[in-house]
Amino acid sequence: MARLASNLGFPRMGAQRELKRALERHWRGDATQEELLAGAAELRRRHWALQRDAGIELIPSNDFSLYDHVLDTSVWLGALPERYRTAERGIDLAGYFAAARGGRLDDTPIAALEMTKWFDTNYHYIVPELAVDQHFELTSLIGASAPKPLAEFAEAAAAGVHTRPVLLGPVSFLLLSKLYGADDGRADGLTLLGRVLPVYRELIAALADAGAESVQLDEPMLATDLDDEARDAYAGAYDSLRSAAPSLHLVLTSYFGPLRDNLTLAASLPVDRLHLDLVEGPDQLDEVLGVIPDSMALSLGLVDGRNVWRSDLVEKLTLARRVVDALGADRVLIAPSCSLLHLPVDLETEGPAGDHLGIDDEVRQWLAFAVQRLDELAVISTALELGDDAIAEQLNASSSAAAARRASVRVHDPAVARRLEAGGPELEQRLSPYAARREAHRARHALPVLPTTTIGSFPQTPEIRKARAANRRGELGDAEYHELLEGWITDVIRRQEEIGLDVLVHGEFERNDMVEYFGEHLDGVVVSTNGWVQSYGSRCVKPPIIFGDIARPAPMTVEWATYAQSLTDRPVKGMLTGPVTILKWSFVRDDQPRSVTCRQIALAIRDEVGDLEKAGIGVIQIDEPALREGLPLNEADRKEYLDWAVAAFRLASSGVADDVSIHTHMCYGEFSDVIEAIAAFDADAISIETARSNMELLDEFASYEYPNEIGPGVWDIHSPRIPDTEEMVQLLESAMRVLPADRVWVNPDCGLKTRGWVETEASLRHLVEAARQVRASL
Ligand code: GLN
Ligand code: ZN
């Protein structure tokens, strides 16, 4: 057993996404609650055993969730809103899933709680909805033996594994919550601290009674900018928790960034161990060593919990030894930077590399997924205890993999480097300002005022998914597959003409995912066969792995756009994913700044834009839905990010003549932090998600006096509901109260790939009719 090795959390889904399948079977009604729970318990047992067998000394429990750990926290705190409870006011599994994903409860339709991104990751959590007079009370789901953290601790113990329960800490929980019912309409979750602490106290005391030796309190908010109120809350909260269970080791965990201004605060809290993310914040170590009290141990977040690069053990050991020398080995633990939730499970389950898909042998030796991270933790801690000789073989392998990666010609493409150097800001500038471009667009395409369009994708029917999968497996030949694609494109063009849309799209049927597709077609990127990471609930994504300099060996989308354009006289919009979004939704290389990688992607997209232009495409949309979520957690880092993100978009989009209209699209509103950057994109038009918020999101654009064209979404495509014409007329009219009519587009909120054809056709007809009516009233 590697005495110092500690883990903070393990992926929940299972190496073959067993949890996803079990959940979806249960939701479809094909598996009972008992079957689901038994499957989940089996996964937990397997993951505990796996960690133990890997030599991890401190193994987490309660890191598992059937949906989301923040929702679980709301449940054990007894803070799920009344409407999700049963008649007896308890919470059962149906109520839990209703809160998570909406649906029907007691035969009435019920909406889910709000969901949003977990810090700057692509994991989503369920936002706790609390009342100003919220009551909290230690709670078990109906049918469970105990509140979840206790139940899972006991379950692990029964399986022979002593674990460290993981809790989302009280201050982060409250700061991540939304508080309703305050007089002025807004109040801060922290006002509930006094109410929530007794429940935390009761729980940790019960955990201590049950035999827990330590508890991990996750406080990732410590990596963000905090005001004085929040800092005071930390001091008060941890004093209170400390006294609740004096013998229990409290491990305070922060991650996703350095502690910065909160470092002294964190080191002053009465906890036994402080966990540091030394991957995102390696530079904080000296300062920490300077302030850490003698009573406190350090958990070193040495190996990356959210990126896939194999650790360079020599480098990690050097860092760890510095701390061991300063504090002594008994005050050091070796851990991943954050929970391994954000990594695929096991590199060993990767299939062989195929045509577009799979990790080839060269790249594979540079990678580590969650299971490989456990091995790294064990190896590092063994070396600290027994010396390097004990791990000579692993050290060698790690060093030669690191050297191979540094030297690989697939990582370093001199042509890309030369091109990057050659192109400066002059490439980031359209030929003429927007006003002149607009005249050129009008001369090229005669569009009505309030032109109608869609965001790009059309329903991906089971037939389409099946054919695409068969083609990937090599069971459906390329020629037949292409014929099928042409058939679907023909069909979708006919339908759009018939519906009466003005600017058409080819439907994106060839794409599994808006980032993965481009990952498969770019050099310097591999797409795994099984590298799934939980995004929300049962939904997983497979982020491409950007390992080297990016180049575009051949056009990626031109064939489909030109085929679509050949079928119609109306303009067809070329559809691309932007450089910031490709970067954000991939695993990115750690050997050069993200800004450089982003610029390389931008050059590849620029080439694609140029080829679309040459092929006669006059409207090109470059989606950047991830711009906002890429925003750094700390204010101090934001300007730099936005500067290079804007430059990358402009580099990708500016190489065209004035008469090409560049569109962009963003979803998940909240534009206040990025509105200036969006304006600086200088896209000719932007479509955004506004229907659900009743056009509220538009205020930001109106008060900023956004200078170019805007397509405020008038149909919330996230629900199967078909909005009627009148509703869309009203949304449009309220948009036009703040936007000039001659710069408004009419479109849905987002792409339609998850919708069915029935609601798509009906809603789009209403949308076109709404545009006509409003046009007529002008
Ligand atoms: N063009 C993409 C689509 O229509 C955009 C998706 C997105 O914004 N996430 O599916
Ligand atoms: Zn969207």
# chains A, B, ... in the order shown; residues from 1 in each chain; ligands from 1

call {"tool": "residues_near_ligand", "arguments": {"ligand": "ligand 1", "cutoff": "8 Å", "atoms": "only C-alpha atoms and all ligand atoms", "output": "ChimeraX atom specification"}}
result
/A:454-458,507-508,513-514,575-577,621,623-625,665-667,750-753

call {"tool": "residues_around", "arguments": {"residues": "region 436-442 of chain A", "least_positions_apart": "3", "cutoff": "8 Å", "atoms": "only C-alpha atoms", "output": "PyMOL selection string"}}
result
chain A and resi 432-433+445-447+658-661+684

call {"tool": "write_last_selection", "arguments": {"atoms": "N, CA and C atoms", "output": "CSV table (one decimal), in the first residue's frame"}}
result
chain,number,residue,atom,x,y,z
A,432,SER,N,-13.6,45.6,-45.2
A,432,SER,CA,-14.3,46.9,-45.0
A,432,SER,C,-15.1,46.8,-43.7
A,433,PRO,N,-15.4,48.0,-43.1
A,433,PRO,CA,-16.3,47.9,-41.9
A,433,PRO,C,-17.7,47.3,-42.2
A,445,HIS,N,-27.3,38.9,-52.1
A,445,HIS,CA,-28.5,38.1,-51.8
A,445,HIS,C,-29.7,39.0,-51.5
A,446,ALA,N,-30.8,38.9,-52.3
A,446,ALA,CA,-32.0,39.7,-52.0
A,446,ALA,C,-32.8,39.0,-50.9
A,447,LEU,N,-32.6,39.5,-49.7
A,447,LEU,CA,-33.3,38.9,-48.6
A,447,LEU,C,-34.4,39.9,-48.1
A,658,ASP,N,-15.9,41.1,-48.9
A,658,ASP,CA,-17.0,41.8,-48.2
A,658,ASP,C,-18.3,41.2,-48.4
A,659,ASP,N,-18.5,40.6,-49.5
A,659,ASP,CA,-19.9,40.1,-49.8
A,659,ASP,C,-20.2,38.8,-49.1
A,660,VAL,N,-19.2,38.2,-48.5
A,660,VAL,CA,-19.5,37.0,-47.7
A,660,VAL,C,-20.0,37.4,-46.3
A,661,SER,N,-21.1,36.9,-45.9
A,661,SER,CA,-21.7,37.3,-44.6
A,661,SER,C,-21.2,36.3,-43.5
A,684,ASP,N,-20.9,39.5,-38.9
A,684,ASP,CA,-22.0,40.3,-39.5
A,684,ASP,C,-23.3,40.0,-38.8

call {"tool": "select_by_dssp", "arguments": {"residues": "region 204-384 of chain A", "states": "strand (DSSP E or B)", "output": "list in words"}}
result
Ser214, Val215, Gln216, Leu217, Asp218, His249, Leu250, Val251, Leu252, Thr253, Arg273, Leu274, His275, Leu276, Asp277, Ala297, Leu298, Ser299, Leu300, Gly301, Leu302, Val303, Trp309, Val332, Leu333, Ile334, Ala335, Pro336 and Leu367 of chain A

call {"tool": "write_last_selection", "arguments": {"atoms": "C-alpha atoms", "output": "short mmCIF file (atom, residue, chain, number, x, y, z; two decimals), in the first residue's frame"}}
result
data_model
loop_
_atom_site.label_atom_id
_atom_site.label_comp_id
_atom_site.auth_asym_id
_atom_site.auth_seq_id
_atom_site.Cartn_x
_atom_site.Cartn_y
_atom_site.Cartn_z
CA SER A 214 -11.44 11.90 7.85
CA VAL A 215 -13.85 13.78 5.66
CA GLN A 216 -13.08 15.69 2.48
CA LEU A 217 -14.78 19.06 2.23
CA ASP A 218 -14.71 20.35 -1.33
CA HIS A 249 -9.62 14.82 10.18
CA LEU A 250 -10.99 17.64 8.07
CA VAL A 251 -9.49 17.84 4.61
CA LEU A 252 -10.22 21.12 2.88
CA THR A 253 -10.05 20.77 -0.86
CA ARG A 273 -5.16 19.08 5.73
CA LEU A 274 -5.26 21.51 2.90
CA HIS A 275 -5.43 20.27 -0.66
CA LEU A 276 -3.76 22.36 -3.37
CA ASP A 277 -4.26 22.15 -7.10
CA ALA A 297 -0.70 18.76 6.45
CA LEU A 298 -0.72 19.30 2.70
CA SER A 299 -2.42 17.27 0.03
CA LEU A 300 -0.49 17.89 -3.16
CA GLY A 301 -2.66 17.90 -6.26
CA LEU A 302 0.21 16.76 -8.43
CA VAL A 303 -1.30 14.73 -11.25
CA TRP A 309 -1.36 13.83 -20.35
CA VAL A 332 2.28 15.19 2.87
CA LEU A 333 -0.29 13.41 0.73
CA ILE A 334 -0.11 12.81 -3.00
CA ALA A 335 -3.35 13.42 -4.88
CA PRO A 336 -4.79 14.35 -8.25
CA LEU A 367 -1.73 9.60 -22.14
#

call {"tool": "select_by_dssp", "arguments": {"residues": "region 627-690 of chain A", "states": "alpha helix (DSSP H)", "output": "JSON, numbers by chain"}}
result
{"A": [635, 636, 637, 638, 639, 640, 641, 642, 643, 644, 645, 646, 647, 648, 649, 650, 651, 652, 653, 675, 676, 677, 678, 679, 680, 681]}

call {"tool": "residues_around", "arguments": {"residues": "region 716-725 of chain A", "least_positions_apart": "4", "cutoff": "10 Å", "atoms": "only C-alpha atoms", "output": "VMD selection string"}}
result
chain A and resid 689 to 694 729 to 731 748 to 756 758 to 771 773

call {"tool": "closest_residue", "arguments": {"among": "A:His135, A:Arg25, A:Arg444, A:Arg650", "to": "Leu193 (chain A)", "atoms": "only C-alpha atoms"}}
result
A:His135

call {"tool": "atom_distance", "arguments": {"atom1": "CA of Pro258 (chain A)", "atom2": "CA of Thr224 (chain A)"}}
result
8.7 Å

call {"tool": "atom_distance", "arguments": {"atom1": "CA of Tyr704 (chain A)", "atom2": "CA of Val619 (chain A)"}}
result
25.3 Å

call {"tool": "residues_around", "arguments": {"residues": "region 167-175 of chain A", "least_positions_apart": "5", "cutoff": "8 Å", "atoms": "only C-alpha atoms", "output": "list in words"}}
result
Asn62, His69, Val70, Thr73, Pro149, Asp188, Gly189, Leu190, Leu192, Leu193, Val196, Leu197, Tyr200, Val215, Gln216, Leu217, Asp218, Glu219, Pro220, Met221, Ala230, Ala233, Tyr234 and Ala237 of chain A

call {"tool": "atom_distance", "arguments": {"atom1": "CA of Pro740 (chain A)", "atom2": "CA of Glu696 (chain A)"}}
result
16.4 Å

call {"tool": "decode", "arguments": {"residues": "region 431-495 of chain A", "atoms": "C-alpha atoms", "output": "PDB file, in the first residue's frame"}}
result
ATOM      1  CA  LEU A 431     -11.576  44.336 -45.709  1.00  0.00           C
ATOM      2  CA  SER A 432     -14.290  46.901 -44.954  1.00  0.00           C
ATOM      3  CA  PRO A 433     -16.262  47.931 -41.910  1.00  0.00           C
ATOM      4  CA  TYR A 434     -19.654  46.346 -41.263  1.00  0.00           C
ATOM      5  CA  ALA A 435     -21.686  49.112 -42.925  1.00  0.00           C
ATOM      6  CA  ALA A 436     -19.935  48.587 -46.256  1.00  0.00           C
ATOM      7  CA  ARG A 437     -20.086  44.798 -45.963  1.00  0.00           C
ATOM      8  CA  ARG A 438     -23.764  45.015 -45.399  1.00  0.00           C
ATOM      9  CA  GLU A 439     -24.260  46.761 -48.733  1.00  0.00           C
ATOM     10  CA  ALA A 440     -22.264  44.002 -50.389  1.00  0.00           C
ATOM     11  CA  HIS A 441     -24.431  41.324 -48.745  1.00  0.00           C
ATOM     12  CA  ARG A 442     -27.576  43.047 -49.977  1.00  0.00           C
ATOM     13  CA  ALA A 443     -26.238  43.238 -53.478  1.00  0.00           C
ATOM     14  CA  ARG A 444     -25.400  39.540 -53.407  1.00  0.00           C
ATOM     15  CA  HIS A 445     -28.535  38.098 -51.780  1.00  0.00           C
ATOM     16  CA  ALA A 446     -31.954  39.697 -52.008  1.00  0.00           C
ATOM     17  CA  LEU A 447     -33.331  38.881 -48.568  1.00  0.00           C
ATOM     18  CA  PRO A 448     -36.466  40.307 -46.984  1.00  0.00           C
ATOM     19  CA  VAL A 449     -36.291  42.282 -43.758  1.00  0.00           C
ATOM     20  CA  LEU A 450     -36.404  39.882 -40.818  1.00  0.00           C
ATOM     21  CA  PRO A 451     -34.841  37.050 -42.836  1.00  0.00           C
ATOM     22  CA  THR A 452     -35.467  33.572 -41.464  1.00  0.00           C
ATOM     23  CA  THR A 453     -32.880  30.866 -40.924  1.00  0.00           C
ATOM     24  CA  THR A 454     -31.927  28.015 -38.571  1.00  0.00           C
ATOM     25  CA  ILE A 455     -28.829  27.355 -36.489  1.00  0.00           C
ATOM     26  CA  GLY A 456     -27.515  24.507 -38.597  1.00  0.00           C
ATOM     27  CA  SER A 457     -28.454  21.010 -37.565  1.00  0.00           C
ATOM     28  CA  PHE A 458     -31.725  19.267 -38.419  1.00  0.00           C
ATOM     29  CA  PRO A 459     -33.189  16.198 -36.698  1.00  0.00           C
ATOM     30  CA  GLN A 460     -30.760  13.316 -36.471  1.00  0.00           C
ATOM     31  CA  THR A 461     -33.112  10.413 -36.924  1.00  0.00           C
ATOM     32  CA  PRO A 462     -32.232   6.899 -35.743  1.00  0.00           C
ATOM     33  CA  GLU A 463     -31.719   6.017 -39.401  1.00  0.00           C
ATOM     34  CA  ILE A 464     -29.051   8.718 -39.736  1.00  0.00           C
ATOM     35  CA  ARG A 465     -27.289   7.758 -36.522  1.00  0.00           C
ATOM     36  CA  LYS A 466     -27.297   4.116 -37.487  1.00  0.00           C
ATOM     37  CA  ALA A 467     -25.840   4.747 -40.913  1.00  0.00           C
ATOM     38  CA  ARG A 468     -23.119   6.969 -39.507  1.00  0.00           C
ATOM     39  CA  ALA A 469     -22.186   4.389 -36.899  1.00  0.00           C
ATOM     40  CA  ALA A 470     -22.167   1.618 -39.499  1.00  0.00           C
ATOM     41  CA  ASN A 471     -19.889   3.687 -41.712  1.00  0.00           C
ATOM     42  CA  ARG A 472     -17.471   4.206 -38.845  1.00  0.00           C
ATOM     43  CA  ARG A 473     -17.387   0.522 -38.103  1.00  0.00           C
ATOM     44  CA  GLY A 474     -16.656  -0.126 -41.744  1.00  0.00           C
ATOM     45  CA  GLU A 475     -19.927  -1.965 -42.234  1.00  0.00           C
ATOM     46  CA  LEU A 476     -21.320   0.640 -44.597  1.00  0.00           C
ATOM     47  CA  GLY A 477     -19.060   1.656 -47.486  1.00  0.00           C
ATOM     48  CA  ASP A 478     -18.150   5.285 -48.053  1.00  0.00           C
ATOM     49  CA  ALA A 479     -19.887   5.448 -51.406  1.00  0.00           C
ATOM     50  CA  GLU A 480     -23.203   4.219 -50.041  1.00  0.00           C
ATOM     51  CA  TYR A 481     -22.892   6.405 -46.975  1.00  0.00           C
ATOM     52  CA  HIS A 482     -22.279   9.460 -49.133  1.00  0.00           C
ATOM     53  CA  GLU A 483     -25.262   8.621 -51.233  1.00  0.00           C
ATOM     54  CA  LEU A 484     -27.377   8.454 -48.116  1.00  0.00           C
ATOM     55  CA  LEU A 485     -26.013  11.810 -46.935  1.00  0.00           C
ATOM     56  CA  GLU A 486     -26.868  13.377 -50.275  1.00  0.00           C
ATOM     57  CA  GLY A 487     -30.354  11.995 -49.966  1.00  0.00           C
ATOM     58  CA  TRP A 488     -30.869  13.517 -46.514  1.00  0.00           C
ATOM     59  CA  ILE A 489     -29.423  16.829 -47.675  1.00  0.00           C
ATOM     60  CA  THR A 490     -31.755  16.866 -50.667  1.00  0.00           C
ATOM     61  CA  ASP A 491     -34.664  16.142 -48.388  1.00  0.00           C
ATOM     62  CA  VAL A 492     -33.789  18.847 -45.884  1.00  0.00           C
ATOM     63  CA  ILE A 493     -33.273  21.454 -48.620  1.00  0.00           C
ATOM     64  CA  ARG A 494     -36.688  20.629 -50.136  1.00  0.00           C
ATOM     65  CA  ARG A 495     -38.318  20.852 -46.738  1.00  0.00           C
TER      66      ARG A 495
END
